[in-house]
Each structure stands twice: as C-alpha cells, then as structure tokens.
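Participant: Supplied structure: work-v2.txt, compact mmCIF, N, CA and C atoms.
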```txt
# COMPACT_ATOMS: atom_id res chain seq x y z
N MET X 1 0.83 -1.17 0.00
CA MET X 1 0.00 0.00 0.00
C MET X 1 0.89 1.24 0.00
N LEU X 2 0.47 2.26 -0.75
CA LEU X 2 1.23 3.50 -0.86
C LEU X 2 0.55 4.61 -0.07
N PHE X 3 1.38 5.44 0.59
CA PHE X 3 0.87 6.53 1.41
C PHE X 3 1.47 7.86 0.94
N PRO X 4 0.64 8.75 0.38
CA PRO X 4 1.16 10.07 0.00
C PRO X 4 1.43 10.92 1.24
N PRO X 5 2.23 11.96 1.09
CA PRO X 5 2.44 12.88 2.22
C PRO X 5 1.11 13.54 2.63
N VAL X 6 1.04 14.00 3.85
CA VAL X 6 -0.13 14.72 4.34
C VAL X 6 -0.41 15.91 3.42
N ASN X 7 -1.66 16.18 3.17
CA ASN X 7 -2.10 17.30 2.33
C ASN X 7 -1.55 17.24 0.91
N PHE X 8 -1.30 16.03 0.42
CA PHE X 8 -0.78 15.86 -0.93
C PHE X 8 -1.86 16.21 -1.95
N GLY X 9 -1.43 16.85 -3.04
CA GLY X 9 -2.35 17.14 -4.13
C GLY X 9 -1.60 17.36 -5.42
N VAL X 10 -2.32 17.20 -6.51
CA VAL X 10 -1.78 17.46 -7.84
C VAL X 10 -2.16 18.88 -8.20
N VAL X 11 -1.15 19.70 -8.52
CA VAL X 11 -1.38 21.09 -8.90
C VAL X 11 -1.61 21.17 -10.41
N ASN X 12 -0.69 20.64 -11.15
CA ASN X 12 -0.73 20.52 -12.61
C ASN X 12 -0.03 19.22 -12.96
N GLU X 13 -0.04 18.89 -14.22
CA GLU X 13 0.68 17.69 -14.64
C GLU X 13 2.16 17.84 -14.28
N GLY X 14 2.67 16.93 -13.47
CA GLY X 14 4.08 16.96 -13.07
C GLY X 14 4.41 17.88 -11.92
N LEU X 15 3.40 18.54 -11.34
CA LEU X 15 3.64 19.44 -10.21
C LEU X 15 2.71 19.04 -9.06
N TYR X 16 3.33 18.77 -7.91
CA TYR X 16 2.60 18.27 -6.75
C TYR X 16 2.88 19.16 -5.54
N ARG X 17 2.02 19.02 -4.53
CA ARG X 17 2.19 19.79 -3.30
C ARG X 17 1.87 18.89 -2.12
N GLY X 18 2.41 19.25 -0.94
CA GLY X 18 2.09 18.49 0.25
C GLY X 18 3.02 18.85 1.40
N ALA X 19 2.84 18.12 2.49
CA ALA X 19 3.70 18.31 3.66
C ALA X 19 5.05 17.65 3.41
N LEU X 20 6.01 17.98 4.27
CA LEU X 20 7.31 17.32 4.18
C LEU X 20 7.11 15.81 4.22
N PRO X 21 7.71 15.11 3.30
CA PRO X 21 7.54 13.65 3.30
C PRO X 21 8.28 13.00 4.46
N SER X 22 7.77 11.85 4.85
CA SER X 22 8.44 11.04 5.86
C SER X 22 8.75 9.69 5.24
N GLU X 23 9.37 8.84 6.01
CA GLU X 23 9.82 7.55 5.48
C GLU X 23 8.67 6.73 4.88
N ILE X 24 7.51 6.79 5.48
CA ILE X 24 6.37 6.01 5.00
C ILE X 24 5.90 6.46 3.61
N ASN X 25 6.26 7.69 3.23
CA ASN X 25 5.84 8.26 1.94
C ASN X 25 6.80 7.92 0.80
N MET X 26 7.96 7.40 1.11
CA MET X 26 9.00 7.19 0.09
C MET X 26 8.53 6.29 -1.07
N PRO X 27 7.89 5.15 -0.81
CA PRO X 27 7.43 4.34 -1.96
C PRO X 27 6.46 5.09 -2.86
N PHE X 28 5.58 5.89 -2.27
CA PHE X 28 4.65 6.69 -3.08
C PHE X 28 5.41 7.70 -3.93
N LEU X 29 6.36 8.39 -3.31
CA LEU X 29 7.13 9.41 -4.04
C LEU X 29 7.92 8.80 -5.19
N GLU X 30 8.37 7.58 -5.03
CA GLU X 30 9.09 6.91 -6.12
C GLU X 30 8.23 6.81 -7.36
N THR X 31 6.92 6.61 -7.19
CA THR X 31 6.03 6.48 -8.34
C THR X 31 5.89 7.78 -9.12
N LEU X 32 6.19 8.91 -8.48
CA LEU X 32 6.07 10.21 -9.14
C LEU X 32 7.28 10.53 -10.01
N GLU X 33 8.38 9.81 -9.79
CA GLU X 33 9.63 10.02 -10.54
C GLU X 33 10.05 11.49 -10.50
N LEU X 34 10.06 12.04 -9.30
CA LEU X 34 10.39 13.45 -9.09
C LEU X 34 11.82 13.77 -9.51
N ARG X 35 12.00 14.98 -10.02
CA ARG X 35 13.34 15.51 -10.29
C ARG X 35 13.72 16.54 -9.23
N THR X 36 12.69 17.21 -8.64
CA THR X 36 12.96 18.31 -7.72
C THR X 36 11.93 18.32 -6.60
N ILE X 37 12.40 18.62 -5.39
CA ILE X 37 11.52 18.91 -4.27
C ILE X 37 11.92 20.29 -3.75
N VAL X 38 10.94 21.19 -3.67
CA VAL X 38 11.14 22.53 -3.14
C VAL X 38 10.56 22.54 -1.73
N ILE X 39 11.39 22.86 -0.76
CA ILE X 39 10.93 22.92 0.63
C ILE X 39 10.92 24.38 1.06
N LEU X 40 9.75 24.84 1.50
CA LEU X 40 9.56 26.21 1.96
C LEU X 40 9.65 26.19 3.48
N GLU X 41 10.69 26.81 4.01
CA GLU X 41 10.94 26.77 5.45
C GLU X 41 10.59 28.10 6.09
N SER X 42 10.10 28.04 7.32
CA SER X 42 9.69 29.27 8.01
C SER X 42 10.84 29.97 8.72
N GLY X 43 11.94 29.30 8.89
CA GLY X 43 13.08 29.89 9.58
C GLY X 43 14.37 29.35 9.02
N PRO X 44 15.44 29.47 9.78
CA PRO X 44 16.72 28.95 9.32
C PRO X 44 16.60 27.46 9.00
N SER X 45 17.33 27.04 8.01
CA SER X 45 17.26 25.65 7.59
C SER X 45 17.55 24.71 8.75
N GLU X 46 16.63 23.81 8.96
CA GLU X 46 16.82 22.79 9.97
C GLU X 46 17.31 21.52 9.29
N ASP X 47 17.89 20.65 10.06
CA ASP X 47 18.36 19.40 9.50
C ASP X 47 17.17 18.54 9.10
N LEU X 48 17.20 18.06 7.87
CA LEU X 48 16.18 17.13 7.43
C LEU X 48 16.54 15.73 7.90
N ASP X 49 15.54 14.92 8.05
CA ASP X 49 15.75 13.53 8.44
C ASP X 49 16.72 12.88 7.46
N SER X 50 17.68 12.13 7.97
CA SER X 50 18.69 11.50 7.11
C SER X 50 18.07 10.52 6.12
N THR X 51 16.94 9.92 6.48
CA THR X 51 16.25 9.00 5.57
C THR X 51 15.76 9.74 4.33
N ILE X 52 15.24 10.96 4.54
CA ILE X 52 14.76 11.77 3.42
C ILE X 52 15.94 12.16 2.53
N LEU X 53 17.01 12.61 3.14
CA LEU X 53 18.19 13.01 2.37
C LEU X 53 18.76 11.84 1.57
N GLU X 54 18.79 10.69 2.17
CA GLU X 54 19.28 9.49 1.48
C GLU X 54 18.36 9.14 0.31
N PHE X 55 17.05 9.22 0.54
CA PHE X 55 16.08 8.95 -0.52
C PHE X 55 16.29 9.90 -1.70
N LEU X 56 16.46 11.19 -1.40
CA LEU X 56 16.68 12.17 -2.46
C LEU X 56 17.95 11.87 -3.24
N ASP X 57 19.00 11.53 -2.52
CA ASP X 57 20.28 11.20 -3.16
C ASP X 57 20.17 9.94 -4.01
N ASP X 58 19.57 8.91 -3.46
CA ASP X 58 19.42 7.63 -4.18
C ASP X 58 18.60 7.78 -5.46
N ASN X 59 17.63 8.68 -5.44
CA ASN X 59 16.74 8.87 -6.58
C ASN X 59 17.09 10.08 -7.44
N GLN X 60 18.25 10.67 -7.16
CA GLN X 60 18.76 11.81 -7.92
C GLN X 60 17.73 12.93 -8.01
N ILE X 61 17.13 13.26 -6.86
CA ILE X 61 16.15 14.33 -6.76
C ILE X 61 16.84 15.57 -6.21
N GLU X 62 16.72 16.67 -6.94
CA GLU X 62 17.33 17.93 -6.49
C GLU X 62 16.50 18.49 -5.33
N LEU X 63 17.18 18.92 -4.29
CA LEU X 63 16.53 19.54 -3.14
C LEU X 63 16.76 21.04 -3.20
N VAL X 64 15.67 21.82 -3.23
CA VAL X 64 15.74 23.28 -3.21
C VAL X 64 15.09 23.73 -1.91
N ARG X 65 15.89 24.34 -1.04
CA ARG X 65 15.38 24.80 0.26
C ARG X 65 15.31 26.32 0.25
N LEU X 66 14.12 26.84 0.50
CA LEU X 66 13.92 28.28 0.52
C LEU X 66 13.42 28.68 1.90
N SER X 67 14.16 29.59 2.54
CA SER X 67 13.76 30.00 3.88
C SER X 67 13.78 31.52 3.98
N GLU X 68 13.12 31.99 5.02
CA GLU X 68 13.05 33.43 5.28
C GLU X 68 14.42 33.92 5.75
N ASP X 69 14.76 35.14 5.35
CA ASP X 69 15.99 35.72 5.86
C ASP X 69 15.73 36.30 7.26
N GLU X 70 16.78 36.73 7.95
CA GLU X 70 16.65 37.21 9.33
C GLU X 70 15.76 38.45 9.45
N VAL X 71 15.84 39.36 8.47
CA VAL X 71 15.03 40.58 8.51
C VAL X 71 13.55 40.22 8.43
N THR X 72 13.22 39.32 7.52
CA THR X 72 11.82 38.90 7.36
C THR X 72 11.33 38.21 8.61
N GLN X 73 12.18 37.40 9.24
CA GLN X 73 11.80 36.72 10.48
C GLN X 73 11.50 37.73 11.58
N MET X 74 12.31 38.78 11.68
CA MET X 74 12.08 39.81 12.69
C MET X 74 10.76 40.54 12.43
N GLN X 75 10.49 40.85 11.17
CA GLN X 75 9.24 41.52 10.82
C GLN X 75 8.05 40.63 11.16
N ALA X 76 8.17 39.35 10.89
CA ALA X 76 7.08 38.41 11.20
C ALA X 76 6.84 38.34 12.70
N MET X 77 7.92 38.34 13.47
CA MET X 77 7.78 38.29 14.93
C MET X 77 7.10 39.55 15.44
N GLN X 78 7.46 40.71 14.88
CA GLN X 78 6.84 41.96 15.30
C GLN X 78 5.36 41.96 14.94
N SER X 79 5.03 41.46 13.75
CA SER X 79 3.63 41.39 13.35
C SER X 79 2.85 40.44 14.25
N LYS X 80 3.47 39.34 14.63
CA LYS X 80 2.83 38.38 15.52
C LYS X 80 2.50 39.03 16.86
N MET X 81 3.44 39.84 17.35
CA MET X 81 3.21 40.51 18.63
C MET X 81 2.04 41.47 18.53
N LYS X 82 1.93 42.17 17.40
CA LYS X 82 0.83 43.11 17.20
C LYS X 82 -0.51 42.39 17.09
N LEU X 83 -0.50 41.24 16.42
CA LEU X 83 -1.74 40.51 16.22
C LEU X 83 -2.14 39.70 17.44
N ASP X 84 -1.21 39.51 18.34
CA ASP X 84 -1.41 38.82 19.61
C ASP X 84 -2.07 37.45 19.50
N LYS X 85 -3.37 37.40 19.36
CA LYS X 85 -4.07 36.11 19.40
C LYS X 85 -4.05 35.37 18.07
N ILE X 86 -3.83 36.08 16.97
CA ILE X 86 -3.81 35.43 15.67
C ILE X 86 -2.40 34.91 15.42
N LYS X 87 -2.29 33.63 15.16
CA LYS X 87 -0.97 33.02 15.00
C LYS X 87 -0.67 32.72 13.54
N LEU X 88 -0.71 33.74 12.72
CA LEU X 88 -0.40 33.59 11.31
C LEU X 88 1.05 33.99 11.09
N GLN X 89 1.74 33.23 10.30
CA GLN X 89 3.10 33.60 9.93
C GLN X 89 3.16 33.57 8.41
N ALA X 90 3.00 34.73 7.81
CA ALA X 90 2.93 34.84 6.36
C ALA X 90 4.26 34.50 5.72
N VAL X 91 4.17 33.96 4.52
CA VAL X 91 5.38 33.70 3.74
C VAL X 91 5.76 35.02 3.07
N SER X 92 7.04 35.32 3.05
CA SER X 92 7.48 36.60 2.50
C SER X 92 7.41 36.61 0.98
N GLU X 93 7.34 37.82 0.45
CA GLU X 93 7.33 38.00 -1.00
C GLU X 93 8.61 37.44 -1.61
N ASP X 94 9.73 37.62 -0.91
CA ASP X 94 11.02 37.13 -1.40
C ASP X 94 11.00 35.61 -1.59
N VAL X 95 10.47 34.89 -0.61
CA VAL X 95 10.42 33.42 -0.72
C VAL X 95 9.48 33.00 -1.84
N VAL X 96 8.35 33.69 -1.96
CA VAL X 96 7.40 33.37 -3.04
C VAL X 96 8.06 33.57 -4.40
N LEU X 97 8.75 34.69 -4.57
CA LEU X 97 9.40 34.97 -5.85
C LEU X 97 10.49 33.95 -6.16
N ARG X 98 11.28 33.61 -5.15
CA ARG X 98 12.33 32.59 -5.38
C ARG X 98 11.72 31.24 -5.72
N ALA X 99 10.62 30.91 -5.06
CA ALA X 99 9.93 29.64 -5.35
C ALA X 99 9.37 29.66 -6.77
N MET X 100 8.79 30.78 -7.16
CA MET X 100 8.22 30.88 -8.50
C MET X 100 9.29 30.72 -9.58
N ASN X 101 10.49 31.26 -9.33
CA ASN X 101 11.59 31.09 -10.29
C ASN X 101 11.94 29.62 -10.48
N VAL X 102 11.82 28.84 -9.44
CA VAL X 102 12.11 27.40 -9.54
C VAL X 102 10.94 26.69 -10.22
N VAL X 103 9.73 27.01 -9.80
CA VAL X 103 8.53 26.30 -10.27
C VAL X 103 8.29 26.50 -11.76
N VAL X 104 8.63 27.65 -12.30
CA VAL X 104 8.38 27.88 -13.73
C VAL X 104 9.42 27.20 -14.63
N ASP X 105 10.45 26.62 -14.06
CA ASP X 105 11.48 25.92 -14.85
C ASP X 105 11.03 24.49 -15.10
N GLU X 106 10.47 24.25 -16.27
CA GLU X 106 9.93 22.92 -16.60
C GLU X 106 11.01 21.84 -16.66
N ASN X 107 12.27 22.23 -16.75
CA ASN X 107 13.36 21.25 -16.75
C ASN X 107 13.48 20.57 -15.39
N LYS X 108 12.88 21.15 -14.36
CA LYS X 108 12.95 20.59 -13.00
C LYS X 108 11.75 19.68 -12.69
N TYR X 109 10.87 19.49 -13.66
CA TYR X 109 9.69 18.66 -13.47
C TYR X 109 10.00 17.20 -13.74
N PRO X 110 9.25 16.32 -13.11
CA PRO X 110 8.21 16.45 -12.10
C PRO X 110 8.79 17.01 -10.80
N MET X 111 7.96 17.83 -10.11
CA MET X 111 8.40 18.58 -8.95
C MET X 111 7.33 18.53 -7.86
N MET X 112 7.81 18.58 -6.62
CA MET X 112 6.90 18.68 -5.49
C MET X 112 7.28 19.90 -4.67
N ILE X 113 6.27 20.67 -4.25
CA ILE X 113 6.46 21.81 -3.36
C ILE X 113 5.96 21.38 -1.99
N ALA X 114 6.76 21.60 -0.95
CA ALA X 114 6.38 21.15 0.38
C ALA X 114 6.75 22.17 1.44
N ASP X 115 6.01 22.13 2.53
CA ASP X 115 6.39 22.83 3.75
C ASP X 115 6.03 21.90 4.90
N LEU X 116 6.20 22.36 6.10
CA LEU X 116 6.02 21.49 7.26
C LEU X 116 4.68 20.77 7.24
N TYR X 117 3.60 21.50 6.96
CA TYR X 117 2.27 20.90 6.98
C TYR X 117 1.63 20.80 5.59
N GLY X 118 2.27 21.39 4.58
CA GLY X 118 1.73 21.33 3.23
C GLY X 118 0.51 22.20 3.04
N LYS X 119 0.41 23.27 3.82
CA LYS X 119 -0.77 24.12 3.76
C LYS X 119 -0.43 25.55 3.36
N HIS X 120 -0.05 26.36 4.33
CA HIS X 120 0.02 27.80 4.16
C HIS X 120 1.09 28.27 3.18
N ARG X 121 2.33 27.95 3.41
CA ARG X 121 3.41 28.40 2.52
C ARG X 121 3.24 27.79 1.13
N THR X 122 3.00 26.50 1.11
CA THR X 122 2.80 25.81 -0.16
C THR X 122 1.58 26.37 -0.88
N GLY X 123 0.51 26.59 -0.14
CA GLY X 123 -0.71 27.13 -0.73
C GLY X 123 -0.52 28.51 -1.32
N THR X 124 0.29 29.33 -0.67
CA THR X 124 0.56 30.67 -1.17
C THR X 124 1.29 30.60 -2.51
N VAL X 125 2.31 29.76 -2.60
CA VAL X 125 3.07 29.62 -3.85
C VAL X 125 2.17 29.06 -4.95
N VAL X 126 1.37 28.07 -4.63
CA VAL X 126 0.46 27.48 -5.63
C VAL X 126 -0.56 28.51 -6.10
N ALA X 127 -1.09 29.30 -5.18
CA ALA X 127 -2.06 30.34 -5.56
C ALA X 127 -1.42 31.35 -6.51
N CYS X 128 -0.19 31.74 -6.23
CA CYS X 128 0.52 32.69 -7.11
C CYS X 128 0.76 32.07 -8.48
N LEU X 129 1.12 30.81 -8.51
CA LEU X 129 1.35 30.11 -9.77
C LEU X 129 0.07 30.09 -10.61
N ARG X 130 -1.05 29.87 -9.97
CA ARG X 130 -2.33 29.80 -10.69
C ARG X 130 -2.74 31.15 -11.25
N LYS X 131 -2.17 32.23 -10.74
CA LYS X 131 -2.48 33.57 -11.24
C LYS X 131 -1.66 33.92 -12.48
N LEU X 132 -0.65 33.11 -12.80
CA LEU X 132 0.18 33.40 -13.98
C LEU X 132 -0.59 33.13 -15.27
```
Let me see whether you can do it: turn the structure in this file into structure tokens.

Facilitator:
Amino acid sequence: MLFPPVNFGVVNEGLYRGALPSEINMPFLETLELRTIVILESGPSEDLDSTILEFLDDNQIELVRLSEDEVTQMQAMQSKMKLDKIKLQAVSEDVVLRAMNVVVDENKYPMMIADLYGKHRTGTVVACLRKL
C-alpha cells in the first residue's frame, strides 16, 4: 500500500504539493519520478531527516530549500506581537518569488512543493502560480 504525504495534491501535470515527506511516503514518491523537491521553510534551515536526504540522493532528486531571511523573520515576529491572538506567519514575497523562479522551470519537473504541513506556505506559492 502507498501513502502520499499529508495534504498531498496534484497542482498541474508533473507538479505536486504536500507536507514534508516522511519515510512512509517514500514508496509513493518513487512512483512520481520526481526531479525536484522545493521545501519552503519558516526559519533557518533545519536538518532534514537523514532517511529523506538518502532517498533524495538515491533517486537523484534535487533539493531546493527556501527560507526566510533574518530581517523577514524579525518583521514576522513583530507582526505576531501586534496581532497577539492570531498566530499567522505569512510567507514573504522574497520566498514566493524565489519559489516561482524554480517552479516555472519545466526542466525541473516532475516537482513537489512542500512545507512542514503542506498548507500555508505551499498554498501561497500554488495560488501565485495559478495567477500566472
């Protein structure tokens, strides 16, 4: 039995979205024959699980990690303080633009866009792509 990542979906032919994959998702991802995985990170790059890194290496999948810079993180923290009860952390325009530069390169397809939960950051990039 194959298990896709949480919040997995097909955006267009050869373009997928979802949460960061885990070991249980590897057989499913193999069926997609991915060339690229774009990971949208909310902060400084954290270490990915070694199983994921090994899977990417074994399958010759390019890993593109896009994260917020320190200035954007500070602005987000200040906005969070102002909003107090609302816990939204918007993806910056810079990350969206960098992601779009990768996503429009058809040579990198099939491709998956992912973030921690496969919702907000990924959804923002997908929404921008659909506006093109």

Participant: Tell me which of X:Thr51, X:Asn59, X:Thr36, X:Ser22 sits closest to X:Tyr117, counting only C-alpha atoms.

Facilitator: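 Distance minimum relative to X:Tyr117 lands on X:Ser22.
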
Participant: DSSP says strand (DSSP E) for which residues of chain X? Put them as a ChimeraX atom specification?

Facilitator: /X:9-12,15-19,36-41,62-67,111-115

Participant: So which one's closest to X:Leu116, X:Val10, X:Leu2, X:Ile52, X:Ala19? Using only N, CA and C atoms, please.

Facilitator: X:Ala19

Participant: Quick one: distance from atom CA of X:Phe28 to atom CA of X:Val64 in Å, one decimal?

Facilitator: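 A separation of 20.0 Å between them.
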
Participant: Would you compute the distance between atom CA of X:Val95 and atom CA of X:Leu129? Give it in Å to one decimal.

Facilitator: 13.2 Å

Participant: Among chain X, which residues carry a DSSP assignment of helix (DSSP H, G or I), reported as a ChimeraX atom specification?

Facilitator: /X:23-32,50-58,70-83,93-103,106-108,120-130
